Amino acid sequence: MVSTGLLDALAQGLVTGSIIAAGAIGLSLVYSIAEVPNFAHGDMITIGAYLALVVNRPAEISFLPGLPGGAISLLLAAGFALVAAAILGAIYELAIFRQFRDRDADLITMVIVSLGLALILQNIVLFVAGSRNIKYDTATVLDVNWDFYLTGGGLTVQRTQRQAGEIALVGEWGYPWWLLLGVLAAAIAVGYGVYRWRSTDADYRTQHLVSPRVLGVLATAGIVLALGFLARLDPVGTDAIISTRIGTSRKDITVVLVVGIAMFLLNLLLKRTRLGKGMRATADNMDLAEVRGVDVGRIQIVVWVIAGLLAALAGVLAGWNASNLNPNMGFTLLLPVFAAVILGGIRSPYGAAAGALVIGISMDVGVYLLPSNFATYRIAIAFMILILVLMVRPEGLWGDV
Amino acid sequence: MALADFLVSLVTFIAIYGLFGLGLNVKFGFTGLIDFGHVAYFMVGGYVTAVVTMPAQITGYDGLGGYALPALLSAIPGGTVLGWLLGVAIGMLAAAFVSLLVGVPTLRLREDYLAITALGVATILNEVVLSEVWLFNGPFGIRSIHEPAAGLFPLGLGSFTVNLLVFGGLSVLVFAYATYRVANYVRHASGRQRTLAVVVALGFAAWYFVQPLIGASNAVVTLQTNLTFLFDPNAGPNGGLDYDRFFMLLSLAFLAGGYWWMQRTINSPYGRVLRAVRDDEDVPRALGKETFRYKIQALLFGSALAGAAGALYTIHIGFISPEQFGAMITFFAFASVIIGGTANNAGVVLGTAVFWAINSGTQFLNDYFPSEYAVQLSASRLILIGIILIVILYYRPEGILGEQDYDISLPGEEAANANVAGPEVGSSDASTGPEADSSAASTGPEVGSSDATGGPTVDDANGGGVDD
């Protein structure tokens, strides 16, 4: 019998980190460009999740009129939630934060204003949906276990699934040692090659769309997965020296992919468009950007729209992945999201994404490494890391990028 | 519950959270520290006081303690009360000590980082108390809270008539004094403030005296019960002062004590340094002040007050569990402080009264709606508070009362403040002198002030209704 181990915790951490990243990137944009330490961000996540719920399960909301067409699928509901949350984002900016910025409100005032907004948003959710736990109406997704046995002859992989209470073997294959080492060597070689190829032209003017290091890591992972999928040979036995299990599901993979795509799109926006250039300039120095002809007012709206959109994405993904929504879900995410942003240095969405992965992985790996009665301290682990980092480097790991 | 009982409970709440808010005000209002983890010290104070004062070996309690301080000291005359006070002092010290542990690493951070770190620390501490059963019984909480001097109550002075005359008379005096103060204020105030004061006073009178009469079977008895709120006819054989009313007075005494302490602190040269740290930390540092030490001390004072408030809170509720100490409590206190007036001790009490009048004073509205809408009602109250918070920050960022005047004026302001300083001292002394009574008097009209700020919902409700 195999049990889950460090690899499983890492995989879980990747999923957690992706959800945190979706919240953290929006927060860091708002933090750096709109200059609001937005304590309402957690509740923006909640609002996003519940916007999808309102059209996904309209019957559950007692006093709202039912939709004319009845309930719609989660995918469409998520689309609706993103659009509605984006509009809400613009409303927050125009109705509240712009007014305070025009009055030169200081950072503390902005914190308290966002706190007031958080109070309003959280209680709107309570008002509309009540305080119970609820989940989306969607097809159940079965968990798939990937069991790895490292034996004398090589690596055996078993894909198992719980069907009707029994764990059933869905697929089994293996890689002999020579193939395993060959694939690893090839993957590392390709990854390093990609890195060298992309970084040859590096000087201070070059701006990579995707950093060569990230590309290299992605290439390595891609080669391992592709070759591993193509070259599946006979199993090499299960009398393992080491065995481990990674439990995952289509949900987990979707979460990581969706957040990855969202990050890439945002990256395109920031680096390849005039608007994005304006956003980065505003983050750097608002007055200077304005002098150079950047329409700062428009940039602020765009920032809040993106933040609302990403928060809704994080909310829908978190609610779907955990099969649970409650009015407190955003607030529990707020601490890790803030930790990620501060860890990454508040000026950089890239730092926020990296910080989110660090926080997510350390939360799940920490829970795995600590004794089982510490499992309730997942958030606390994220926080201890933040405090430790702040004590050593008060401006965050990457500083102000 | 009769409306008088509800008023007693509401005033007790306002006194407790007012003390809590005073603690926040010394951190946030005067020193500029955004402590989003203020509730943690409330929790520590409450738990520690409960544990050191409760008897050992309670069934169903598996946590630390049961140190039974009141029983230990019961040999001395008045020892049980002394033991309880000692317990509160230990609770305050524990809260201050925890805040010291939190403050040393975090107070050097930027203000926004401090806010999130403090919030995180409070969340973690709450999580620890919730998960560790060996510490304070985890999610099961503590059910046996020591009530100081509970044996003396209900307190009767003799026959029914004597009780009615003494306690009822005191209540009437309180109302009379409050009316006198309000009338005095209205006479000297002008413009919008006068209108506001009149509306508030009339709103309170309508809510407390007129509204219960509608549909009451015996109007005279109802009116008399409400007027003589300190007298409980059901307490003891001949009526008298019951424990809830005594506890209200005790809480008000604590509030008055905290208020006095904070006024003394902030009006001293020491308080001037705190304000300088808030306004521009570099200046006092350039003048040779160790600003970090001042910040830590402000944190300690504020946390100790929060700890005392926590000790009172546990007695008022009679049961504590970690869920009662969520981050929302801190945010409520921030809302109270900002609504009433940041860096204004009287404003904090006023803001707390406004907040709890909106949040609890409108409970009687629940009777007009089907019971399944209770969640919606409580949510809409908090939405209203959120909106008030933002609106106040926009139109009147200094709060209803604005920053208070200080005995020690800053250089350059001396000429302007010389006239103000005199009467200001007098008024602060007046409200702390005859402690309980005058505080009750000043909270009286403030409860009503929610009716003014609470907008149409509350005003409509004044038309009629049943108390909670």
# chains A, B, ... in the order shown; residues from 1 in each chain; ligands from 1
$ residues_around --residues "Thr342 of chain B" --least-positions-apart "5" --cutoff "7 Å" --atoms "only C-alpha atoms" --output "list of chain:residue names"
B:Asn25, B:Gly29, B:Val337, B:Glu398, B:Gly399, B:Gly402, B:Glu403
$ interface_residues --of "chain A" --to "chain B" --cutoff "7 Å" --atoms "only C-alpha atoms" --output "list in words"
Pro37, Phe100, Val113, Gly116, Leu117, Leu119, Ile120, Asn123, Ile124, Leu126, Phe127, Gly130, Leu335, Ala380, Phe383, Met391 and Pro394 of chain A
$ write_last_selection --atoms "N, CA and C atoms" --output "short mmCIF file (atom, residue, chain, number, x, y, z; two decimals), in the first residue's frame"
data_model
loop_
_atom_site.label_atom_id
_atom_site.label_comp_id
_atom_site.auth_asym_id
_atom_site.auth_seq_id
_atom_site.Cartn_x
_atom_site.Cartn_y
_atom_site.Cartn_z
N PRO A 37 -3.82 49.56 0.04
CA PRO A 37 -3.64 48.23 0.64
C PRO A 37 -5.03 47.66 0.87
N PHE A 100 -11.55 59.31 -2.81
CA PHE A 100 -10.58 59.52 -1.72
C PHE A 100 -9.22 59.94 -2.27
N VAL A 113 -10.81 52.71 4.60
CA VAL A 113 -11.87 52.73 3.59
C VAL A 113 -12.07 51.33 3.02
N GLY A 116 -14.00 49.32 5.36
CA GLY A 116 -15.43 49.58 5.28
C GLY A 116 -16.05 48.86 4.10
N LEU A 117 -15.34 48.89 2.96
CA LEU A 117 -15.85 48.19 1.78
C LEU A 117 -15.93 46.69 2.05
N LEU A 119 -16.46 45.26 4.90
CA LEU A 119 -17.63 45.05 5.76
C LEU A 119 -18.90 45.00 4.91
N ILE A 120 -18.99 45.94 3.97
CA ILE A 120 -20.19 46.02 3.13
C ILE A 120 -20.29 44.76 2.26
N ASN A 123 -21.16 41.52 4.10
CA ASN A 123 -22.54 41.45 4.58
C ASN A 123 -23.54 41.42 3.45
N ILE A 124 -23.16 41.91 2.26
CA ILE A 124 -24.04 41.72 1.11
C ILE A 124 -24.14 40.22 0.81
N LEU A 126 -23.72 37.81 2.97
CA LEU A 126 -24.55 37.24 4.04
C LEU A 126 -26.02 37.52 3.79
N PHE A 127 -26.31 38.72 3.36
CA PHE A 127 -27.67 39.14 3.11
C PHE A 127 -28.30 38.27 2.03
N GLY A 130 -26.98 34.02 2.98
CA GLY A 130 -26.96 33.42 4.32
C GLY A 130 -25.58 32.89 4.65
N LEU A 335 -5.31 36.50 4.23
CA LEU A 335 -3.99 36.48 4.88
C LEU A 335 -2.93 35.89 3.96
N ALA A 380 -1.45 29.74 9.50
CA ALA A 380 -0.41 30.22 10.41
C ALA A 380 0.97 29.99 9.82
N PHE A 383 1.84 32.59 7.48
CA PHE A 383 2.07 33.82 8.18
C PHE A 383 3.41 33.87 8.88
N MET A 391 11.11 40.16 9.17
CA MET A 391 12.09 40.49 10.20
C MET A 391 13.48 40.62 9.61
N PRO A 394 12.73 43.82 5.77
CA PRO A 394 11.46 44.52 5.98
C PRO A 394 10.77 44.96 4.69
#
$ atom_distance --atom1 "atom CA of Ala356 of chain A" --atom2 "atom CA of Lys271 of chain A"
21.0 Å
$ residues_around --residues "Ile315 of chain B" --least-positions-apart "2" --cutoff "8 Å" --atoms "only C-alpha atoms" --output "PyMOL selection string"
chain B and resi 145-147+311-313+317-319
$ select_by_dssp --residues "segment 25-62 of chain A" --states "alpha helix (DSSP H)" --output "PyMOL selection string"
chain A and resi 25-29+41-56
$ write_last_selection --atoms "C-alpha atoms" --output "PDB file, in the first residue's frame"
ATOM      1  CA  ILE A  25      -1.625  39.462  -8.582  1.00  0.00           C
ATOM      2  CA  GLY A  26      -4.766  41.589  -8.498  1.00  0.00           C
ATOM      3  CA  LEU A  27      -3.959  42.783  -5.002  1.00  0.00           C
ATOM      4  CA  SER A  28      -0.414  43.710  -5.951  1.00  0.00           C
ATOM      5  CA  LEU A  29      -1.623  45.702  -8.980  1.00  0.00           C
ATOM      6  CA  HIS A  41      -9.699  41.972  -1.612  1.00  0.00           C
ATOM      7  CA  GLY A  42     -10.655  38.853   0.310  1.00  0.00           C
ATOM      8  CA  ASP A  43     -14.293  39.839   0.136  1.00  0.00           C
ATOM      9  CA  MET A  44     -13.935  40.652  -3.546  1.00  0.00           C
ATOM     10  CA  ILE A  45     -12.898  37.007  -3.903  1.00  0.00           C
ATOM     11  CA  THR A  46     -16.012  35.937  -1.994  1.00  0.00           C
ATOM     12  CA  ILE A  47     -18.247  38.190  -4.085  1.00  0.00           C
ATOM     13  CA  GLY A  48     -16.792  36.678  -7.263  1.00  0.00           C
ATOM     14  CA  ALA A  49     -17.471  33.158  -6.067  1.00  0.00           C
ATOM     15  CA  TYR A  50     -21.044  34.013  -5.085  1.00  0.00           C
ATOM     16  CA  LEU A  51     -21.726  35.878  -8.348  1.00  0.00           C
ATOM     17  CA  ALA A  52     -21.168  32.572 -10.105  1.00  0.00           C
ATOM     18  CA  LEU A  53     -23.353  30.808  -7.540  1.00  0.00           C
ATOM     19  CA  VAL A  54     -26.249  33.205  -8.080  1.00  0.00           C
ATOM     20  CA  VAL A  55     -26.623  32.117 -11.717  1.00  0.00           C
ATOM     21  CA  ASN A  56     -25.375  28.586 -11.188  1.00  0.00           C
TER      22      ASN A  56
END
$ residues_around --residues "Gln224 of chain B" --least-positions-apart "5" --cutoff "12 Å" --atoms "only C-alpha atoms" --output "PyMOL selection string"
chain B and resi 2-4+164-165+168-169+171-172+208-209+212-213+218-219+229-233
$ residues_around --residues "segment 256-263 of chain A" --least-positions-apart "2" --cutoff "6 Å" --atoms "only C-alpha atoms" --output "PyMOL selection string"
chain A and resi 15+18+253-254+265-266
$ residues_around --residues "Ala9 of chain A" --least-positions-apart "4" --cutoff "6 Å" --atoms "only C-alpha atoms" --output "PyMOL selection string"
chain A and resi 13+364-365
$ write_last_selection --atoms "N, CA, C and O atoms" --output "PDB file, in the first residue's frame"
ATOM      1  N   GLY A  13       0.372  21.939  -2.987  1.00  0.00           N
ATOM      2  CA  GLY A  13       0.851  23.303  -2.780  1.00  0.00           C
ATOM      3  C   GLY A  13       0.818  24.111  -4.063  1.00  0.00           C
ATOM      4  O   GLY A  13       0.514  25.299  -4.044  1.00  0.00           O
ATOM      5  N   ASP A 364       1.211  23.751   2.278  1.00  0.00           N
ATOM      6  CA  ASP A 364       0.883  22.325   2.179  1.00  0.00           C
ATOM      7  C   ASP A 364       2.037  21.436   2.605  1.00  0.00           C
ATOM      8  O   ASP A 364       1.833  20.432   3.281  1.00  0.00           O
ATOM      9  N   VAL A 365       3.257  21.822   2.224  1.00  0.00           N
ATOM     10  CA  VAL A 365       4.402  21.020   2.654  1.00  0.00           C
ATOM     11  C   VAL A 365       4.571  21.117   4.174  1.00  0.00           C
ATOM     12  O   VAL A 365       4.873  20.128   4.846  1.00  0.00           O
TER      13      VAL A 365
END
